[in-house]
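These notes concern the structure reproduced below.
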Amino acid sequence: MKQMVADGVVIQFDDDDGRFYDAQPLLKKQEVMNDFLTVLAGAMPNLLPYLDLTHSESEVDAVINNIIMLMKCAEKRLEKELGACKDLVNNS
């Protein structure tokens with residue numbers, strides 16, 4: 001559970017009755033999932049030519065793992081974009 005909180009997947013909160021956990025609201029909103037999948041599906045024709053899936057047991061798992069690695073490689077840019085978005089929200 002500590003790792004899930006550290007990864008930002010789960011929110012931890014405490015009150016008088018103890019410690020509780022909940023999924024990020026982002027993960028519970030179907031409209032957000034639909035928007036994300038629309039973007040991902042739209043990018044698929046551009047991504048697939050760069051992926052060799054011939055030796056993968058699960059093509060879906062291979063695609064997901066490669067997208068995770070792509071995002072890790074883009075970490076600095078994602079940090080910059082996240083900061084800019086947070087500033088925009090905070091100044092609204």
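Convention: chains lettered A, B, ... in structure tokens order; per-chain residue numbering from 1; ligands numbered from 1 as shown.
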
>> Please identify the helix (DSSP H, G or I) residues within chain A (assignment by DSSP from backbone atoms) and present them as a PyMOL selection string.
In response: chain A and resi 2-6+25-28+30-50+59-73+75-90

Close residues, region 16-19 of chain A itself excluded, 12 Å, only C-alpha atoms, min 4 positions apart in chain, as a short mmCIF file (atom, residue, chain, number, x, y, z; two decimals) with all heavy atoms, in the first residue's frame:
```cif
data_model
loop_
_atom_site.label_atom_id
_atom_site.label_comp_id
_atom_site.auth_asym_id
_atom_site.auth_seq_id
_atom_site.Cartn_x
_atom_site.Cartn_y
_atom_site.Cartn_z
N MET A 1 0.82 -1.18 0.00
CA MET A 1 0.00 0.00 0.00
C MET A 1 0.87 1.26 0.00
O MET A 1 0.56 2.22 -0.68
CB MET A 1 -0.93 -0.03 1.22
CG MET A 1 -2.02 0.99 1.18
SD MET A 1 -3.14 0.92 -0.23
CE MET A 1 -4.16 -0.44 0.19
N ILE A 11 -4.70 7.40 -2.68
CA ILE A 11 -4.64 8.55 -1.77
C ILE A 11 -4.82 8.03 -0.36
O ILE A 11 -5.71 7.22 -0.09
CB ILE A 11 -5.77 9.54 -2.10
CG1 ILE A 11 -5.65 10.04 -3.53
CG2 ILE A 11 -5.76 10.70 -1.12
CD1 ILE A 11 -6.88 10.77 -4.02
N GLN A 12 -3.97 8.51 0.53
CA GLN A 12 -4.05 8.14 1.94
C GLN A 12 -4.62 9.32 2.72
O GLN A 12 -4.24 10.46 2.47
CB GLN A 12 -2.66 7.82 2.45
CG GLN A 12 -2.56 7.59 3.93
CD GLN A 12 -1.13 7.38 4.37
OE1 GLN A 12 -0.41 6.59 3.80
NE2 GLN A 12 -0.73 8.12 5.38
#
```

> as a list in words, which residues of chain A does DSSP assign to strand (DSSP E)?
Replying inline: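 Residues of chain A classed as strand (DSSP E): Val10, Ile11, Gln12, Phe13, Asp14, Asp15, Gly18, Arg19, Phe20, Tyr21, Asp22 and Ala23 of chain A.
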
> Residues at most 10 Å from region 27-42 of chain A, counting only C-alpha atoms, excluding those fewer than 3 positions away in the same chain, as a list of chain:residue names?
Replying inline: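 Residues meeting the cut-off are A:Val9, A:Val10, A:Asp22, A:Ala23, A:Gln24, A:Pro45, A:Asn46, A:Leu47, A:Ile67.
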
> So how far away is CA of Asn66 (chain A) from CA of Lys86 (chain A), in Å?
Replying inline: 26.9 Å

> CA of Phe20 (chain A) to CA of Gly8 (chain A): how many Å, to one decimal?
Replying inline: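 Going from CA of Phe20 (chain A) over to CA of Gly8 (chain A) covers 14.7 Å.
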